[in-house]
$ cat final-v1.cif   # mmCIF, C-alpha atoms
data_start
loop_
_atom_site.label_atom_id
_atom_site.label_comp_id
_atom_site.auth_asym_id
_atom_site.auth_seq_id
_atom_site.Cartn_x
_atom_site.Cartn_y
_atom_site.Cartn_z
CA MET A 1 179.71 106.46 278.34
CA ARG A 2 182.77 107.04 280.50
CA ILE A 3 182.46 110.79 279.98
CA LEU A 4 179.05 110.79 281.68
CA GLU A 5 180.39 108.78 284.60
CA SER A 6 183.28 111.21 284.88
CA LEU A 7 180.95 114.21 284.87
CA LYS A 8 178.64 112.53 287.37
CA SER A 9 181.46 111.82 289.83
CA ARG A 10 183.10 115.24 289.46
CA ARG A 11 182.22 117.36 292.46
CA THR A 12 183.21 120.62 294.10
CA HIS A 13 185.74 119.88 296.84
CA TYR A 14 186.46 122.70 299.26
CA ASP A 15 188.26 120.53 301.81
CA ILE A 16 191.52 119.89 299.96
CA ASN A 17 195.07 119.39 301.15
CA ARG A 18 198.61 119.03 299.82
CA GLU A 19 198.58 115.23 299.79
CA LEU A 20 198.09 114.34 296.13
CA PRO A 21 196.77 110.82 295.49
CA VAL A 22 199.07 110.52 292.43
CA ASP A 23 202.47 111.80 291.41
CA GLU A 24 202.54 115.50 290.47
CA ALA A 25 203.77 114.54 286.99
CA ARG A 26 200.46 112.78 286.25
CA ILE A 27 198.52 115.92 287.15
CA PHE A 28 200.79 118.07 284.98
CA ASP A 29 200.50 115.59 282.11
CA LEU A 30 196.69 115.74 282.34
CA ILE A 31 196.77 119.55 282.20
CA GLU A 32 199.10 119.61 279.19
CA LYS A 33 197.17 116.96 277.25
CA ALA A 34 193.76 118.50 277.95
CA THR A 35 195.06 121.92 276.89
CA GLU A 36 196.28 120.42 273.64
CA LEU A 37 193.17 118.34 272.90
CA VAL A 38 190.25 120.58 273.90
CA PRO A 39 188.79 122.23 270.77
CA ASP A 40 188.75 125.95 270.13
CA ALA A 41 186.78 127.83 267.45
CA PHE A 42 188.75 128.23 264.22
CA ASN A 43 191.50 126.22 265.98
CA MET A 44 192.71 129.52 267.41
CA LYS A 45 194.38 127.91 270.45
CA SER A 46 193.48 130.84 272.69
CA SER A 47 193.58 129.05 276.07
CA ARG A 48 196.47 129.69 278.43
CA VAL A 49 197.04 127.88 281.72
CA VAL A 50 199.28 128.74 284.66
CA VAL A 51 199.71 126.14 287.42
CA ALA A 52 200.88 127.49 290.78
CA THR A 53 202.25 125.06 293.39
CA GLY A 54 204.43 125.31 296.47
CA GLU A 55 205.47 128.83 297.41
CA LYS A 56 203.66 130.32 294.41
CA GLN A 57 200.41 128.63 295.54
CA ASP A 58 200.74 130.38 298.91
CA GLN A 59 201.65 133.71 297.32
CA LEU A 60 198.69 133.50 294.96
CA TRP A 61 196.07 133.10 297.67
CA ASP A 62 197.73 135.62 299.99
CA THR A 63 197.72 138.08 297.09
CA ILE A 64 194.04 137.40 296.41
CA TYR A 65 193.25 138.02 300.07
CA ASP A 66 195.25 141.24 300.05
CA VAL A 67 193.57 142.53 296.87
CA PHE A 68 190.19 142.20 298.57
CA GLU A 69 191.50 144.08 301.62
CA GLY A 70 189.84 141.73 304.08
CA LYS A 71 186.44 141.74 302.34
CA VAL A 72 186.62 137.97 301.83
CA ALA A 73 186.88 135.51 304.69
CA ARG A 74 190.45 134.49 305.51
CA GLU A 75 189.18 130.98 306.29
CA LYS A 76 187.75 130.63 302.79
CA ILE A 77 190.95 131.87 301.14
CA ASP A 78 193.00 129.54 303.35
CA SER A 79 190.84 126.58 302.32
CA PHE A 80 192.02 127.16 298.74
CA LYS A 81 195.58 127.91 299.84
CA ASN A 82 195.63 124.55 301.68
CA GLY A 83 195.50 122.73 298.35
CA TYR A 84 198.46 121.37 296.44
CA GLY A 85 198.10 123.96 293.71
CA THR A 86 195.87 126.21 291.68
CA ILE A 87 195.21 126.13 287.96
CA LEU A 88 194.63 129.59 286.51
CA TYR A 89 192.64 129.66 283.27
CA PHE A 90 193.16 132.47 280.79
CA TYR A 91 192.59 133.21 277.16
CA ASP A 92 195.05 135.29 275.18
CA GLN A 93 193.43 138.46 273.87
CA ALA A 94 196.28 138.88 271.35
CA VAL A 95 195.30 135.60 269.71
CA VAL A 96 191.65 136.65 269.73
CA LYS A 97 192.55 140.02 268.17
CA GLY A 98 194.51 138.26 265.43
CA MET A 99 191.49 136.11 264.63
CA GLN A 100 189.22 139.16 264.64
CA ASP A 101 191.50 140.87 262.14
CA GLN A 102 191.66 137.77 259.96
CA PHE A 103 187.93 136.96 260.05
CA SER A 104 186.17 140.30 260.49
CA LEU A 105 182.74 138.83 259.74
CA TYR A 106 182.94 136.96 263.07
CA ALA A 107 184.97 139.56 265.00
CA ASP A 108 182.45 140.10 267.80
CA LYS A 109 182.21 136.34 268.48
CA PHE A 110 185.88 135.50 269.05
CA PRO A 111 186.02 136.63 272.73
CA GLU A 112 182.90 134.55 273.43
CA TRP A 113 184.37 131.55 271.64
CA ALA A 114 187.63 131.91 273.57
CA SER A 115 185.66 131.85 276.83
CA GLN A 116 183.78 128.77 275.65
CA ALA A 117 187.07 127.00 274.89
CA SER A 118 188.32 127.93 278.34
CA ALA A 119 185.15 126.52 279.90
CA MET A 120 185.57 123.25 278.00
CA LEU A 121 189.16 123.07 279.22
CA GLN A 122 188.08 123.71 282.80
CA ILE A 123 185.54 120.88 282.88
CA SER A 124 187.93 118.54 281.08
CA ILE A 125 190.71 119.13 283.60
CA TRP A 126 188.31 119.11 286.55
CA SER A 127 186.88 115.75 285.47
CA GLY A 128 190.39 114.45 284.80
CA LEU A 129 191.51 115.46 288.28
CA LYS A 130 188.58 113.52 289.72
CA GLU A 131 189.59 110.46 287.68
CA LEU A 132 193.07 110.75 289.23
CA GLY A 133 191.53 110.92 292.71
CA ALA A 134 192.18 114.63 293.31
CA GLY A 135 189.62 117.18 294.44
CA ALA A 136 189.09 120.66 293.02
CA SER A 137 186.72 123.60 292.92
CA LEU A 138 186.18 126.41 290.46
CA GLN A 139 186.57 129.96 291.76
CA HIS A 140 185.95 133.35 290.17
CA TYR A 141 187.78 136.13 291.97
CA ASN A 142 188.45 137.78 288.64
CA PRO A 143 188.34 140.51 287.39
CA VAL A 144 189.19 142.02 290.80
CA ILE A 145 192.47 140.05 290.99
CA ASP A 146 193.51 140.23 287.33
CA GLU A 147 196.26 142.83 287.54
CA ALA A 148 197.74 141.40 290.75
CA VAL A 149 197.85 137.88 289.25
CA LYS A 150 199.50 139.11 286.05
CA LYS A 151 202.11 140.94 288.12
CA LEU A 152 202.72 137.97 290.45
CA PHE A 153 203.38 135.60 287.54
CA ASP A 154 204.84 138.17 285.12
CA LEU A 155 202.14 137.49 282.52
CA PRO A 156 201.37 139.46 279.37
CA GLU A 157 198.70 142.15 279.51
CA SER A 158 196.85 140.28 276.77
CA TYR A 159 195.96 137.39 279.13
CA VAL A 160 192.32 137.48 280.27
CA LEU A 161 191.71 135.53 283.50
CA ASN A 162 188.59 133.34 283.41
CA ALA A 163 188.77 131.19 286.55
CA GLN A 164 190.89 129.74 289.32
CA MET A 165 190.85 126.03 290.20
CA PRO A 166 192.47 125.09 293.51
CA PHE A 167 193.19 121.36 293.64
CA GLY A 168 194.72 118.78 295.94
CA GLY A 169 194.09 115.69 297.97
CA ILE A 170 190.54 115.22 299.19
CA GLY A 171 190.07 115.94 302.90
CA SER A 172 186.35 115.15 302.92
CA HIS A 173 183.69 114.48 300.34
CA PRO A 174 180.73 116.79 299.68
CA ASP A 175 177.15 115.65 300.15
CA GLU A 176 175.44 113.81 297.32
CA LYS A 177 173.87 115.98 294.65
CA PRO A 178 170.07 115.91 294.64
CA ALA A 179 168.41 114.64 291.48
CA GLU A 180 167.21 117.35 289.12
CA ASP A 181 164.11 117.55 286.97
CA ILE A 182 166.14 117.98 283.79
CA SER A 183 162.99 118.50 281.70
CA GLN A 184 163.03 122.07 283.00
CA ARG A 185 166.25 122.70 281.07
CA VAL A 186 166.23 120.29 278.11
CA ILE A 187 163.66 120.23 275.30
CA PHE A 188 163.52 117.62 272.54
CA VAL A 189 161.82 118.57 269.28
CA LYS A 190 161.16 116.63 266.05
#
$ encode --input "final-v1.cif" --output "structure tokens"
Amino acid sequence: MRILESLKSRRTHYDINRELPVDEARIFDLIEKATELVPDAFNMKSSRVVVATGEKQDQLWDTIYDVFEGKVAREKIDSFKNGYGTILYFYDQAVVKGMQDQFSLYADKFPEWASQASAMLQISIWSGLKELGAGASLQHYNPVIDEAVKKLFDLPESYVLNAQMPFGGIGSHPDEKPAEDISQRVIFVK
């Protein structure tokens, strides 16, 4: 049950830094392998990932701050900017459109399924980062930042931004999660 242990130990880390606990290549390998292995409805392979590090990491978070014209706290934006990098999760609307054209009976479901695949990729990479000793959080400044991000990274218009995941070395650990009465959300029937 290693997957459950991985999910249990995965936490939201806001206090991150640029000191990765492993070589950058291991992080990049994790991202590539997870992107290849995470399933997608009809095997459409709709997920797209952009990883910003170094100067592009700084530009990304400065751009996000600028798009909000000071309506988000600079300290919060800088906490994400302080990380080693940011993983941007997209799905490609052109791929989705192709699937809609090919399988019209399910046309209205393909955007939803693409978002589900992106979500599975996010948790897989997030858990993998934790296994490598890195911290991360999941942010949602989209759709406000969509056009600025596409311009910054010269991305196709067909890319739909789902989430941003700043990651890096762990500066401090969050508090323990309180136990939940899971019976409020899970029902078993026979």
$ atom_distance --input "final-v1.cif" --atom1 "CA of Thr53 in chain A" --atom2 "CA of Thr86 in chain A"
6.7 Å
$ residues_around --input "final-v1.cif" --residues "Gln100 in chain A" --least-positions-apart "4" --cutoff "12 Å" --atoms "all atoms listed in the file" --output "PyMOL selection string"
chain A and resi 41-42+44+93-96+104-114
$ residues_around --input "final-v1.cif" --residues "Lys81 in chain A" --least-positions-apart "3" --cutoff "6 Å" --atoms "all atoms listed in the file" --output "list in words"
Asp58, Trp61 and Asp78 of chain A
$ resolve_selection --input "final-v1.cif" --expression "the PyMOL selection byres ((chain A and resi 13-29) around 7)" --output "PyMOL selection string"
chain A and resi 11-12+30-33+79+82-84+132-137+167-174
$ resolve_selection --input "final-v1.cif" --expression "the PyMOL selection byres ((chain A and resi 117-127) around 6)" --output "list in words"
Ser6, Arg10, Val38, Asp40, Ser47, Ala114, Ser115, Gln116, Gly128, Leu129 and Lys130 of chain A
$ closest_residue --input "final-v1.cif" --among "A:Glu5, A:Asn43, A:Ile145, A:Tyr89" --to "Pro166 in chain A" --atoms "only C-alpha atoms"
A:Tyr89
$ closest_residue --input "final-v1.cif" --among "A:Ile87, A:Leu161, A:Ile187, A:Leu155" --to "Leu138 in chain A" --atoms "only C-alpha atoms"
A:Ile87
$ atom_distance --input "final-v1.cif" --atom1 "CA of Ala73 in chain A" --atom2 "CA of Phe90 in chain A"
24.9 Å
